[in-house]
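Trainee: Contents of final36.pdb (PDB, C-alpha atoms and all ligand atoms):
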```pdb
ATOM      1  CA  MET V  16     -22.650  -0.552  -0.269
ATOM      2  CA  THR V  17     -23.386   2.115  -2.870
ATOM      3  CA  LEU V  18     -20.474   4.262  -4.036
ATOM      4  CA  LEU V  19     -20.920   7.667  -5.671
ATOM      5  CA  VAL V  20     -18.116   8.994  -7.862
ATOM      6  CA  THR V  21     -18.568  12.683  -8.626
ATOM      7  CA  ALA V  22     -17.230  14.412 -11.763
ATOM      8  CA  ALA V  23     -17.409  10.981 -13.374
ATOM      9  CA  SER V  24     -17.378  12.515 -16.857
ATOM     10  CA  GLY V  25     -13.803  13.730 -16.286
ATOM     11  CA  HIS V  26     -10.546  11.904 -16.894
ATOM     12  CA  LEU V  27     -10.009  10.896 -13.272
ATOM     13  CA  GLY V  28     -13.639  10.038 -12.502
ATOM     14  CA  ARG V  29     -13.844   7.615 -15.423
ATOM     15  CA  LEU V  30     -10.660   5.893 -14.323
ATOM     16  CA  VAL V  31     -12.043   5.540 -10.783
ATOM     17  CA  VAL V  32     -15.168   3.856 -12.168
ATOM     18  CA  ASP V  33     -12.875   1.542 -14.196
ATOM     19  CA  ALA V  34     -10.820   0.788 -11.080
ATOM     20  CA  LEU V  35     -13.938  -0.004  -9.018
ATOM     21  CA  LEU V  36     -15.227  -2.387 -11.687
ATOM     22  CA  GLU V  37     -11.770  -4.007 -11.920
ATOM     23  CA  ARG V  38     -11.828  -4.539  -8.136
ATOM     24  CA  GLY V  39     -15.058  -6.500  -8.588
ATOM     25  CA  VAL V  40     -17.545  -3.869  -7.403
ATOM     26  CA  PRO V  41     -20.817  -4.660  -9.196
ATOM     27  CA  ALA V  42     -21.793  -1.917 -11.646
ATOM     28  CA  SER V  43     -25.148  -1.727  -9.862
ATOM     29  CA  ASP V  44     -23.329  -0.556  -6.685
ATOM     30  CA  ILE V  45     -21.696   2.384  -8.491
ATOM     31  CA  VAL V  46     -23.329   5.760  -9.061
ATOM     32  CA  ALA V  47     -21.619   8.115 -11.504
ATOM     33  CA  GLY V  48     -22.371  11.781 -10.852
ATOM     34  CA  ALA V  49     -21.994  14.037 -13.878
ATOM     35  CA  ARG V  50     -22.840  17.675 -14.444
ATOM     36  CA  THR V  51     -23.951  16.672 -17.942
ATOM     37  CA  PRO V  52     -25.164  13.065 -17.715
ATOM     38  CA  ALA V  53     -25.010  12.570 -21.496
ATOM     39  CA  LYS V  54     -21.214  12.809 -21.213
ATOM     40  CA  ALA V  55     -21.319   9.598 -19.167
ATOM     41  CA  ASP V  56     -23.484   7.550 -21.560
ATOM     42  CA  ASP V  57     -20.610   5.079 -21.944
ATOM     43  CA  LEU V  58     -20.670   4.452 -18.176
ATOM     44  CA  ALA V  59     -24.445   3.923 -18.261
ATOM     45  CA  ALA V  60     -23.878   1.392 -21.047
ATOM     46  CA  ARG V  61     -21.695  -0.571 -18.609
ATOM     47  CA  GLY V  62     -24.544  -0.794 -16.094
ATOM     48  CA  VAL V  63     -23.468   2.099 -13.854
ATOM     49  CA  ARG V  64     -26.283   4.376 -12.676
ATOM     50  CA  VAL V  65     -25.570   7.856 -14.021
ATOM     51  CA  VAL V  66     -27.115  10.776 -12.135
ATOM     52  CA  GLU V  67     -27.016  14.507 -12.664
ATOM     53  CA  LEU V  68     -24.716  16.115 -10.091
ATOM     54  CA  ASP V  69     -23.662  19.727 -10.572
ATOM     55  CA  TYR V  70     -21.747  21.223  -7.632
ATOM     56  CA  ALA V  71     -23.302  24.598  -8.469
ATOM     57  CA  ARG V  72     -26.893  23.285  -8.424
ATOM     58  CA  PRO V  73     -27.901  22.021  -4.955
ATOM     59  CA  GLU V  74     -31.204  20.751  -6.342
ATOM     60  CA  THR V  75     -29.225  17.942  -8.015
ATOM     61  CA  PHE V  76     -27.663  16.726  -4.731
ATOM     62  CA  GLY V  77     -30.644  14.954  -3.107
ATOM     63  CA  PRO V  78     -31.461  12.584  -5.985
ATOM     64  CA  ALA V  79     -27.741  11.933  -6.616
ATOM     65  CA  LEU V  80     -27.105  11.005  -2.968
ATOM     66  CA  GLU V  81     -30.140   8.774  -2.548
ATOM     67  CA  GLY V  82     -29.063   5.429  -1.047
ATOM     68  CA  VAL V  83     -25.363   6.329  -1.260
ATOM     69  CA  THR V  84     -23.013   4.962   1.430
ATOM     70  CA  ARG V  85     -19.653   6.448   0.403
ATOM     71  CA  VAL V  86     -18.761   9.399  -1.826
ATOM     72  CA  LEU V  87     -15.630  10.240  -3.780
ATOM     73  CA  LEU V  88     -15.710  14.035  -4.124
ATOM     74  CA  ILE V  89     -13.416  14.933  -7.016
ATOM     75  CA  SER V  90     -12.349  18.553  -6.800
ATOM     76  CA  GLY V  91     -14.036  20.865  -9.296
ATOM     77  CA  THR V  92     -12.549  23.332 -11.728
ATOM     78  CA  GLU V  93     -14.539  26.518 -11.249
ATOM     79  CA  PRO V  94     -13.389  29.652  -9.376
ATOM     80  CA  ASP V  95     -15.992  29.219  -6.628
ATOM     81  CA  ARG V  96     -15.227  25.551  -6.115
ATOM     82  CA  VAL V  97     -14.644  25.833  -2.360
ATOM     83  CA  ALA V  98     -18.250  26.944  -1.803
ATOM     84  CA  GLN V  99     -19.397  24.265  -4.235
ATOM     85  CA  HIS V 100     -17.459  21.539  -2.421
ATOM     86  CA  ARG V 101     -18.785  22.740   0.930
ATOM     87  CA  SER V 102     -22.375  22.463  -0.235
ATOM     88  CA  VAL V 103     -21.798  18.926  -1.549
ATOM     89  CA  VAL V 104     -20.189  17.956   1.781
ATOM     90  CA  ASP V 105     -23.124  19.412   3.753
ATOM     91  CA  ALA V 106     -25.594  17.531   1.572
ATOM     92  CA  ALA V 107     -23.629  14.291   1.990
ATOM     93  CA  ARG V 108     -23.688  14.671   5.771
ATOM     94  CA  ALA V 109     -27.434  15.421   5.738
ATOM     95  CA  ALA V 110     -28.019  12.361   3.548
ATOM     96  CA  GLY V 111     -26.236  10.130   6.083
ATOM     97  CA  VAL V 112     -23.208   9.296   3.938
ATOM     98  CA  GLU V 113     -20.776   7.242   6.083
ATOM     99  CA  ARG V 114     -17.520   8.198   4.346
ATOM    100  CA  LEU V 115     -16.174  10.951   2.119
ATOM    101  CA  VAL V 116     -13.037  10.599   0.036
ATOM    102  CA  TYR V 117     -11.638  13.866  -1.335
ATOM    103  CA  THR V 118      -8.965  14.571  -3.960
ATOM    104  CA  SER V 119      -6.820  17.305  -2.418
ATOM    105  CA  ALA V 120      -3.403  18.751  -3.276
ATOM    106  CA  PRO V 121       0.079  18.291  -1.813
ATOM    107  CA  ARG V 122       1.235  19.763   1.492
ATOM    108  CA  VAL V 123      -1.601  22.287   1.678
ATOM    109  CA  ASP V 124      -0.994  22.807   5.383
ATOM    110  CA  GLU V 125       2.758  23.395   4.938
ATOM    111  CA  VAL V 126       3.254  25.308   1.681
ATOM    112  CA  ASP V 127       1.315  28.467   0.902
ATOM    113  CA  TYR V 128       0.004  28.444  -2.691
ATOM    114  CA  ALA V 129      -3.216  29.557  -4.353
ATOM    115  CA  LEU V 130      -4.295  26.144  -5.624
ATOM    116  CA  GLY V 131      -3.463  24.611  -2.270
ATOM    117  CA  ALA V 132      -5.577  27.143  -0.387
ATOM    118  CA  ASP V 133      -8.751  25.936  -2.148
ATOM    119  CA  HIS V 134      -8.011  22.392  -1.153
ATOM    120  CA  GLU V 135      -7.102  23.275   2.409
ATOM    121  CA  ALA V 136     -10.427  25.105   2.785
ATOM    122  CA  THR V 137     -12.264  22.062   1.447
ATOM    123  CA  GLU V 138     -10.368  19.763   3.813
ATOM    124  CA  ARG V 139     -11.483  22.038   6.659
ATOM    125  CA  ALA V 140     -15.127  21.898   5.524
ATOM    126  CA  ILE V 141     -14.939  18.113   5.448
ATOM    127  CA  ALA V 142     -13.424  17.977   8.942
ATOM    128  CA  GLU V 143     -16.135  20.321  10.237
ATOM    129  CA  SER V 144     -18.837  18.102   8.749
ATOM    130  CA  GLY V 145     -17.873  15.313  11.124
ATOM    131  CA  VAL V 146     -18.239  12.693   8.369
ATOM    132  CA  SER V 147     -15.492  10.047   8.413
ATOM    133  CA  ALA V 148     -13.132  11.003   5.609
ATOM    134  CA  THR V 149     -10.090  10.043   3.616
ATOM    135  CA  ILE V 150      -8.103  12.912   2.143
ATOM    136  CA  LEU V 151      -5.919  11.905  -0.776
ATOM    137  CA  ARG V 152      -3.485  14.755  -1.407
ATOM    138  CA  HIS V 153      -2.672  14.165  -5.057
ATOM    139  CA  ASN V 154       0.729  15.205  -6.302
ATOM    140  CA  TRP V 155       0.732  16.236  -9.987
ATOM    141  CA  TYR V 156      -0.581  14.071 -12.767
ATOM    142  CA  THR V 157       2.149  13.042 -15.219
ATOM    143  CA  GLU V 158      -0.457  13.884 -17.869
ATOM    144  CA  ASN V 159      -0.048  17.578 -16.909
ATOM    145  CA  TYR V 160       3.218  17.498 -18.878
ATOM    146  CA  LEU V 161       1.896  16.086 -22.160
ATOM    147  CA  ASP V 162       1.469  19.540 -23.734
ATOM    148  CA  ALA V 163       4.984  20.568 -22.693
ATOM    149  CA  VAL V 164       6.429  17.388 -24.186
ATOM    150  CA  ALA V 165       4.410  17.818 -27.384
ATOM    151  CA  ARG V 166       5.720  21.418 -27.660
ATOM    152  CA  ALA V 167       9.254  20.188 -27.079
ATOM    153  CA  ALA V 168       8.944  18.112 -30.247
ATOM    154  CA  ASP V 169       9.044  21.449 -32.112
ATOM    155  CA  THR V 170      11.188  23.595 -29.826
ATOM    156  CA  GLY V 171      13.607  21.092 -28.269
ATOM    157  CA  GLU V 172      13.074  22.638 -24.844
ATOM    158  CA  ILE V 173      10.882  22.454 -21.768
ATOM    159  CA  VAL V 174      10.483  25.912 -20.308
ATOM    160  CA  ALA V 175       9.589  26.479 -16.665
ATOM    161  CA  ALA V 176      10.343  28.628 -13.628
ATOM    162  CA  THR V 177      10.669  25.758 -11.202
ATOM    163  CA  GLY V 178      14.420  25.996 -10.594
ATOM    164  CA  ASP V 179      15.910  22.764  -9.311
ATOM    165  CA  ALA V 180      12.663  21.596  -7.755
ATOM    166  CA  ARG V 181      11.342  18.070  -7.907
ATOM    167  CA  VAL V 182       7.890  16.722  -8.750
ATOM    168  CA  ALA V 183       6.628  13.320  -7.601
ATOM    169  CA  SER V 184       4.093  12.896 -10.380
ATOM    170  CA  ALA V 185       2.121   9.730 -11.047
ATOM    171  CA  SER V 186      -0.340   8.759 -13.745
ATOM    172  CA  ARG V 187      -4.024   9.440 -13.243
ATOM    173  CA  ARG V 188      -4.647   5.687 -13.266
ATOM    174  CA  ASP V 189      -2.446   5.310 -10.174
ATOM    175  CA  TYR V 190      -4.448   7.929  -8.260
ATOM    176  CA  ALA V 191      -7.724   6.389  -9.479
ATOM    177  CA  GLU V 192      -6.765   2.993  -8.078
ATOM    178  CA  ALA V 193      -5.971   4.595  -4.714
ATOM    179  CA  ALA V 194      -9.400   6.246  -4.682
ATOM    180  CA  ALA V 195     -10.985   2.871  -5.380
ATOM    181  CA  VAL V 196      -9.075   1.396  -2.414
ATOM    182  CA  ALA V 197     -10.241   4.255  -0.194
ATOM    183  CA  LEU V 198     -13.849   3.685  -1.245
ATOM    184  CA  THR V 199     -13.930  -0.094  -0.947
ATOM    185  CA  THR V 200     -11.812  -0.822   2.162
ATOM    186  CA  ASP V 201     -11.456   0.630   5.647
ATOM    187  CA  ASP V 202      -7.670   0.869   5.356
ATOM    188  CA  LEU V 203      -7.609   4.629   4.779
ATOM    189  CA  ALA V 204     -10.591   5.680   6.897
ATOM    190  CA  GLY V 205      -9.900   8.838   8.873
ATOM    191  CA  ARG V 206      -6.525   9.391   7.201
ATOM    192  CA  THR V 207      -4.941  12.202   5.203
ATOM    193  CA  VAL V 208      -2.352  10.786   2.834
ATOM    194  CA  GLU V 209       0.143  12.552   0.562
ATOM    195  CA  VAL V 210       0.003  10.422  -2.584
ATOM    196  CA  GLY V 211       2.455  10.765  -5.445
ATOM    197  CA  GLY V 212       4.819   8.859  -7.665
ATOM    198  CA  ASP V 213       7.635   6.739  -6.305
ATOM    199  CA  VAL V 214      10.232   9.032  -7.909
ATOM    200  CA  ALA V 215      10.503  12.788  -7.388
ATOM    201  CA  TRP V 216      12.120  13.950 -10.633
ATOM    202  CA  THR V 217      13.795  17.241 -11.545
ATOM    203  CA  TYR V 218      12.962  19.249 -14.672
ATOM    204  CA  ASP V 219      16.317  18.198 -16.148
ATOM    205  CA  GLU V 220      15.077  14.623 -15.715
ATOM    206  CA  LEU V 221      11.724  15.597 -17.236
ATOM    207  CA  ALA V 222      13.613  16.903 -20.279
ATOM    208  CA  GLU V 223      15.570  13.616 -20.446
ATOM    209  CA  ALA V 224      12.305  11.675 -20.277
ATOM    210  CA  ALA V 225      10.825  13.851 -23.033
ATOM    211  CA  ALA V 226      13.935  13.243 -25.156
ATOM    212  CA  GLU V 227      13.554   9.487 -24.679
ATOM    213  CA  VAL V 228       9.865   9.560 -25.598
ATOM    214  CA  LEU V 229      10.357  11.865 -28.611
ATOM    215  CA  GLY V 230      13.627  10.345 -29.783
ATOM    216  CA  GLN V 231      15.280  13.768 -30.069
ATOM    217  CA  PRO V 232      17.283  16.074 -27.793
ATOM    218  CA  VAL V 233      15.297  18.122 -25.259
ATOM    219  CA  THR V 234      16.722  20.490 -22.644
ATOM    220  CA  TYR V 235      15.211  22.292 -19.669
ATOM    221  CA  THR V 236      15.275  26.086 -19.989
ATOM    222  CA  ARG V 237      15.076  27.834 -16.617
ATOM    223  CA  LEU V 238      13.099  31.080 -16.395
ATOM    224  CA  SER V 239      12.667  33.385 -13.439
ATOM    225  CA  ILE V 240       9.103  33.827 -12.163
ATOM    226  CA  GLU V 241       9.180  37.372 -13.600
ATOM    227  CA  GLN V 242      10.249  36.123 -17.039
ATOM    228  CA  LEU V 243       7.520  33.477 -16.988
ATOM    229  CA  THR V 244       4.870  36.006 -15.917
ATOM    230  CA  GLU V 245       5.877  38.446 -18.667
ATOM    231  CA  GLY V 246       5.938  35.635 -21.232
ATOM    232  CA  LEU V 247       2.433  34.544 -20.258
ATOM    233  CA  LYS V 248       1.168  38.120 -20.550
ATOM    234  CA  ALA V 249       2.847  38.487 -23.951
ATOM    235  CA  ALA V 250       1.015  35.303 -24.982
ATOM    236  CA  GLY V 251      -2.303  37.033 -24.188
ATOM    237  CA  LEU V 252      -3.068  36.096 -20.580
ATOM    238  CA  ASP V 253      -4.420  38.885 -18.385
ATOM    239  CA  ALA V 254      -2.188  39.939 -15.472
ATOM    240  CA  GLY V 255      -4.206  38.022 -12.830
ATOM    241  CA  THR V 256      -4.240  34.771 -14.786
ATOM    242  CA  ALA V 257      -0.535  35.095 -15.632
ATOM    243  CA  ALA V 258       0.279  35.590 -11.932
ATOM    244  CA  PHE V 259      -1.876  32.600 -10.982
ATOM    245  CA  VAL V 260      -0.201  30.317 -13.533
ATOM    246  CA  ALA V 261       3.299  31.534 -12.641
ATOM    247  CA  GLY V 262       2.362  31.037  -8.988
ATOM    248  CA  ILE V 263       2.089  27.310  -9.661
ATOM    249  CA  ASP V 264       5.716  27.176 -10.832
ATOM    250  CA  ASP V 265       6.659  29.287  -7.823
ATOM    251  CA  ALA V 266       4.979  26.766  -5.489
ATOM    252  CA  ILE V 267       6.791  23.920  -7.239
ATOM    253  CA  ALA V 268      10.085  25.842  -6.910
ATOM    254  CA  ARG V 269       9.372  26.161  -3.167
ATOM    255  CA  GLY V 270       9.037  22.386  -2.881
ATOM    256  CA  ALA V 271       5.255  21.855  -2.863
ATOM    257  CA  LEU V 272       5.504  18.712  -4.999
ATOM    258  CA  GLY V 273       8.982  17.459  -4.185
ATOM    259  CA  GLU V 274       8.340  14.852  -1.510
ATOM    260  CA  THR V 275       7.349  11.222  -1.824
ATOM    261  CA  ASP V 276       7.277   8.434   0.730
ATOM    262  CA  GLY V 277       5.907   5.612  -1.408
ATOM    263  CA  SER V 278       2.391   5.821   0.095
ATOM    264  CA  LEU V 279       0.680   5.632  -3.284
ATOM    265  CA  SER V 280       2.462   2.485  -4.405
ATOM    266  CA  ARG V 281       1.783   0.873  -1.026
ATOM    267  CA  ILE V 282      -1.933   1.691  -1.310
ATOM    268  CA  ILE V 283      -2.279   0.338  -4.848
ATOM    269  CA  GLY V 284       0.021  -2.629  -4.267
ATOM    270  CA  ARG V 285       2.375  -1.962  -7.193
ATOM    271  CA  PRO V 286       4.955   0.647  -8.200
ATOM    272  CA  THR V 287       3.537   3.864  -9.598
ATOM    273  CA  THR V 288       3.775   4.396 -13.363
ATOM    274  CA  PRO V 289       7.291   5.619 -14.238
ATOM    275  CA  LEU V 290       7.578   9.067 -15.836
ATOM    276  CA  VAL V 291       8.676   7.879 -19.291
ATOM    277  CA  GLN V 292       5.936   5.261 -19.416
ATOM    278  CA  GLY V 293       3.301   7.745 -18.245
ATOM    279  CA  LEU V 294       4.314  10.289 -20.883
ATOM    280  CA  ARG V 295       4.457   7.653 -23.624
ATOM    281  CA  GLU V 296       1.035   6.232 -22.751
ATOM    282  CA  GLY V 297      -0.484   9.710 -22.382
ATOM    283  CA  LEU V 298       0.763  10.868 -25.781
ATOM    284  CA  ALA V 299      -0.349   7.619 -27.431
ATOM    285  CA  ALA V 300      -3.863   8.059 -26.005
ATOM    286  CA  ARG V 301      -4.269  11.494 -27.606
TER     287      ARG V 301
HETATM  288  N1  LIG N 401      -3.188  16.876  -9.324
HETATM  289  C1  LIG N 401      -3.166  17.339 -10.555
HETATM  290  O1  LIG N 401      -2.140  17.326 -11.240
HETATM  291  C2  LIG N 401      -4.420  17.876 -11.188
HETATM  292  C3  LIG N 401      -4.391  18.298 -12.522
HETATM  293  C4  LIG N 401      -5.562  18.762 -13.099
HETATM  294  C5  LIG N 401      -6.736  18.807 -12.352
HETATM  295  N2  LIG N 401      -6.721  18.406 -11.057
HETATM  296  C6  LIG N 401      -7.944  18.407 -10.225
HETATM  297  O2  LIG N 401      -8.443  17.076 -10.246
HETATM  298  C7  LIG N 401      -9.789  17.046 -10.762
HETATM  299  C8  LIG N 401      -9.977  15.823 -11.630
HETATM  300  O3  LIG N 401      -9.043  15.877 -12.695
HETATM  301  P1  LIG N 401      -9.432  15.429 -14.167
HETATM  302  O4  LIG N 401      -8.182  15.161 -14.863
HETATM  303  O5  LIG N 401     -10.497  14.377 -14.137
HETATM  304  O6  LIG N 401     -10.074  16.776 -14.739
HETATM  305  P2  LIG N 401     -11.036  16.924 -15.993
HETATM  306  O7  LIG N 401     -10.867  15.810 -16.945
HETATM  307  O8  LIG N 401     -10.884  18.323 -16.473
HETATM  308  O9  LIG N 401     -12.479  16.760 -15.348
HETATM  309  C9  LIG N 401     -12.986  17.728 -14.467
HETATM  310  C10 LIG N 401     -14.338  17.207 -14.032
HETATM  311  O10 LIG N 401     -14.892  18.117 -13.101
HETATM  312  C11 LIG N 401     -16.263  18.270 -13.461
HETATM  313  N3  LIG N 401     -16.798  19.501 -12.932
HETATM  314  C12 LIG N 401     -16.312  20.759 -13.041
HETATM  315  N4  LIG N 401     -17.153  21.624 -12.455
HETATM  316  C13 LIG N 401     -18.193  20.881 -11.977
HETATM  317  C14 LIG N 401     -19.400  21.195 -11.301
HETATM  318  N5  LIG N 401     -19.736  22.466 -11.017
HETATM  319  N6  LIG N 401     -20.221  20.189 -10.960
HETATM  320  C15 LIG N 401     -19.908  18.916 -11.242
HETATM  321  N7  LIG N 401     -18.811  18.547 -11.914
HETATM  322  C16 LIG N 401     -17.966  19.536 -12.265
HETATM  323  C17 LIG N 401     -16.246  18.260 -14.971
HETATM  324  O11 LIG N 401     -17.545  18.090 -15.496
HETATM  325  P3  LIG N 401     -17.843  18.359 -17.068
HETATM  326  O12 LIG N 401     -17.424  17.090 -17.786
HETATM  327  O13 LIG N 401     -19.300  18.605 -17.100
HETATM  328  O14 LIG N 401     -17.030  19.562 -17.470
HETATM  329  C18 LIG N 401     -15.341  17.055 -15.178
HETATM  330  O15 LIG N 401     -16.051  15.852 -15.031
HETATM  331  C19 LIG N 401      -9.940  18.362 -11.510
HETATM  332  O16 LIG N 401     -11.292  18.754 -11.521
HETATM  333  C20 LIG N 401      -9.051  19.305 -10.722
HETATM  334  O17 LIG N 401      -9.723  19.843  -9.593
HETATM  335  C21 LIG N 401      -5.596  17.920 -10.467
END
```
Spit out the file's structure as structure tokens when you get a sec.
Mentor:
Amino acid sequence: MTLLVTAASGHLGRLVVDALLERGVPASDIVAGARTPAKADDLAARGVRVVELDYARPETFGPALEGVTRVLLISGTEPDRVAQHRSVVDAARAAGVERLVYTSAPRVDEVDYALGADHEATERAIAESGVSATILRHNWYTENYLDAVARAADTGEIVAATGDARVASASRRDYAEAAAVALTTDDLAGRTVEVGGDVAWTYDELAEAAAEVLGQPVTYTRLSIEQLTEGLKAAGLDAGTAAFVAGIDDAIARGALGETDGSLSRIIGRPTTPLVQGLREGLAAR
């Protein structure tokens, strides 16, 4: 069985390759797709076949998919990523790939938010392809909060417009292990799973965690969405980007990330990484 991990030069992709190797998958059965293969030289040095795979360049798909049985499609970062994902999915189907695993976002069919809409459209494209799929709806990475915690070392506050909402974050490594399970077993075939941390924390609890990690007081300062949007514009963001970024806090405030049912820890066979530990390890790795 040959497993292709796309976006393997990114943080998550690398951890998935690590997790596959740790599960005993021979390096020769792993293909690492990278937009810029040189960024994955370290993976090649471990015996993994590195191929060029740029979602925006369909001419890279055929060679990358040659002999591949299962594909982990890691969501891209560019504005036209839905079209990019769709073309990768179509190519995977045409190449006879037997299973797709996709990294989606939480509750995209229940909560209306801009980031979620991209993922919902990709989920639809995958369903339409007819290829057997596993959709892993990733809650937030704990690593998303490293900048906020680092800033809090100077300001003593974490500033957000998320109200009393909760976030069930987990560390990237936790999500990577789940992707490795989805690629190497049949346990998750045909399923869509909301995956997140075991604990859905509030921003007051995030501030407490930051205080513990930094060894100094940190409080959560609540902004309205309007205050956040104006603050982002004052910091130099154009109006559209400011609205998009503030829209993420708005989605969190409306509960997009607040639910957890322990699926992730059940899939990976251990508790997810606790918030304080995830922040501490993330800051130490910088
Ligand atoms: N759930 C969350 O909290 C959360 C947070 C952040 C991101 N995400 C999503 O999860 C994905 C993985 O996260 P990450 O931490 O690994 O992000 P990351 O470190 O920024 O890596 C993003 C990866 O996407 C690749 N990529 C972007 N556009 C591409 C294209 N056109 N063709 C091929 N590869 C392309 C990048 O390639 P290069 O190395 O060539 O740039 C890189 O390998 C992100 O791309 C994003 O969609 C989720």
Trainee: Can you tell me how far atom C14 of ligand LIG 401 (chain N) sits from atom CA of V:Ala53, in Å to one decimal?
Mentor: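 Separation between atom C14 of ligand LIG 401 (chain N) and atom CA of V:Ala53: 14.5 Å.
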Trainee: Please extract the residues at most 6 Å from ligand LIG 401 (chain N), counting all atoms listed in the file, and provide them as a list in words, using the chain letters and residue numbers of this document.
Mentor: Ala22, Ala23, Ser24, Gly25, His26, Leu27, Gly28, Ala49, Arg50, Thr51, Leu68, Asp69, Tyr70, Ala71, Ile89, Ser90, Gly91, Thr92, Glu93, His153, Asn154, Trp155 and Tyr156 of chain V
Trainee: Neighbours of V:Asp56 within 10 Å (all atoms listed in the file; same-chain residues fewer than 6 positions away dropped), as a list in words?
Mentor: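 The contact residues come out as Ser24, Val63, Arg64 and Val65 of chain V.
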Trainee: Just to confirm, what's the straight-line distance from atom CA of V:Thr137 to atom CA of V:Arg181 in Å (one decimal)?
Mentor: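 We find that atom CA of V:Thr137 and atom CA of V:Arg181 lie 25.7 Å from each other.
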Trainee: Starting from the PyMOL selection byres (((chain V and resi 36-44) around 10) and not hetatm), expand the selection into actual residues of this file and give them as JSON, numbers by chain.
Mentor: {"V": [16, 17, 18, 19, 30, 31, 32, 33, 34, 35, 45, 46, 58, 59, 61, 62, 63, 64, 83, 84, 192, 195, 196, 199]}
Trainee: Taking the file as shown, what set of residues would the PyMOL selection byres (((chain V and resi 207-210) around 6) and not hetatm) give back, as an mmCIF file with C-alpha atoms, keeping the file's coordinate frame?
Mentor:
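Output file selection_21.cif is given in full below:
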```
data_model
loop_
_atom_site.group_PDB
_atom_site.id
_atom_site.type_symbol
_atom_site.label_atom_id
_atom_site.label_comp_id
_atom_site.auth_asym_id
_atom_site.auth_seq_id
_atom_site.Cartn_x
_atom_site.Cartn_y
_atom_site.Cartn_z
ATOM 1 C CA THR V 149 -10.090 10.043 3.616
ATOM 2 C CA ILE V 150 -8.103 12.912 2.143
ATOM 3 C CA LEU V 151 -5.919 11.905 -0.776
ATOM 4 C CA ARG V 152 -3.485 14.755 -1.407
ATOM 5 C CA HIS V 153 -2.672 14.165 -5.057
ATOM 6 C CA ARG V 206 -6.525 9.391 7.201
ATOM 7 C CA GLY V 211 2.455 10.765 -5.445
ATOM 8 C CA SER V 278 2.391 5.821 0.095
ATOM 9 C CA LEU V 279 0.680 5.632 -3.284
#
```
Trainee: Which residue gives the smallest distance to V:Pro121 among V:Glu274, V:Glu296, V:Asp162, V:Glu172, with all atoms listed in the file counted?
Mentor: V:Glu274
Trainee: Considering only C-alpha atoms, can you say which of V:Ala140, V:Ala180, V:Ala55, V:Ala222 comes closest to V:Leu161?
Mentor: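 Distance minimum relative to V:Leu161 lands on V:Ala222.
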Trainee: When you count only C-alpha atoms, which of these residues is closest to V:Thr275: V:Arg122, V:Arg114, V:Arg101, V:Arg29?
Mentor: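 The closest residue to V:Thr275 is V:Arg122.
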Trainee: Nearest to V:Ala266: which of V:Ile283, V:Ile240, V:Leu198, V:Ala215 is it, counting only C-alpha atoms?
Mentor: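 Ranking V:Ile283, V:Ile240, V:Leu198, V:Ala215 by distance to V:Ala266, first place goes to V:Ile240.
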Trainee: Running the PyMOL selection byres (((chain V and resi 271) around 10) and not hetatm) on this model by hand, what would come out? Give it as a list in words.
Mentor: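 With the shown file as input, the PyMOL selection byres (((chain V and resi 271) around 10) and not hetatm) matches Ala120, Pro121, Arg122, Val123, Glu125, Val126, Asp127, Tyr128, Gly131, Asn154, Ala180, Arg181, Val182, Ala183, Ile263, Asp264, Asp265, Ala266, Ile267, Ala268, Arg269, Gly270, Leu272, Gly273 and Glu274 of chain V.
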Trainee: May I ask which of the residues V:Gly262, V:Gly178, V:Gly77, V:Gly145 is the closest one to V:Thr244, counting only C-alpha atoms?
Mentor: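 Ranking V:Gly262, V:Gly178, V:Gly77, V:Gly145 by distance to V:Thr244, first place goes to V:Gly262.
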Trainee: Find the residue from V:Thr21, V:Glu158, V:Tyr190, V:Ala47 that sits nearest to V:Ala107; use all atoms listed in the file when measuring.
Mentor: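 Counting all atoms listed in the file, the residue closest to V:Ala107 is V:Thr21.
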Trainee: Between atom CA of V:Val233 and atom CA of V:Ala249, what is the spacing in Å?
Mentor: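 Between these atoms lies a distance of 23.9 Å.
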Trainee: Near V:Ala257, counting all atoms listed in the file, which residues have an atom at most 12 Å away, once you skip same-chain residues fewer than 2 positions from it, shown as a PyMOL selection string?
Mentor: chain V and resi 240-255+259-264
Trainee: Using all atoms listed in the file, determine which residues lie at most 9 Å from V:Leu290, disregarding the query and same-chain residues fewer than 2 positions distant; provide the list as a compact mmCIF listing (two decimals) with C-alpha atoms, in the frame of the given file.
Mentor:
```
# COMPACT_ATOMS: atom_id res chain seq x y z
CA THR V 157 2.15 13.04 -15.22
CA SER V 184 4.09 12.90 -10.38
CA ALA V 185 2.12 9.73 -11.05
CA SER V 186 -0.34 8.76 -13.74
CA GLY V 212 4.82 8.86 -7.66
CA VAL V 214 10.23 9.03 -7.91
CA TRP V 216 12.12 13.95 -10.63
CA LEU V 221 11.72 15.60 -17.24
CA ALA V 224 12.30 11.68 -20.28
CA THR V 288 3.78 4.40 -13.36
CA GLN V 292 5.94 5.26 -19.42
CA GLY V 293 3.30 7.74 -18.24
CA LEU V 294 4.31 10.29 -20.88
CA ARG V 295 4.46 7.65 -23.62
```
Trainee: Given 6 Å on each side, where is the centre and what are the edge lengths in Å to one decimal of the axis-aligned box enclosing the listed atoms of stretch 163-180 of chain V, as JSON?
Mentor:
```
{"center_x": 10.2, "center_y": 23.0, "center_z": -19.9, "size_x": 23.5, "size_y": 23.2, "size_z": 36.4}
```
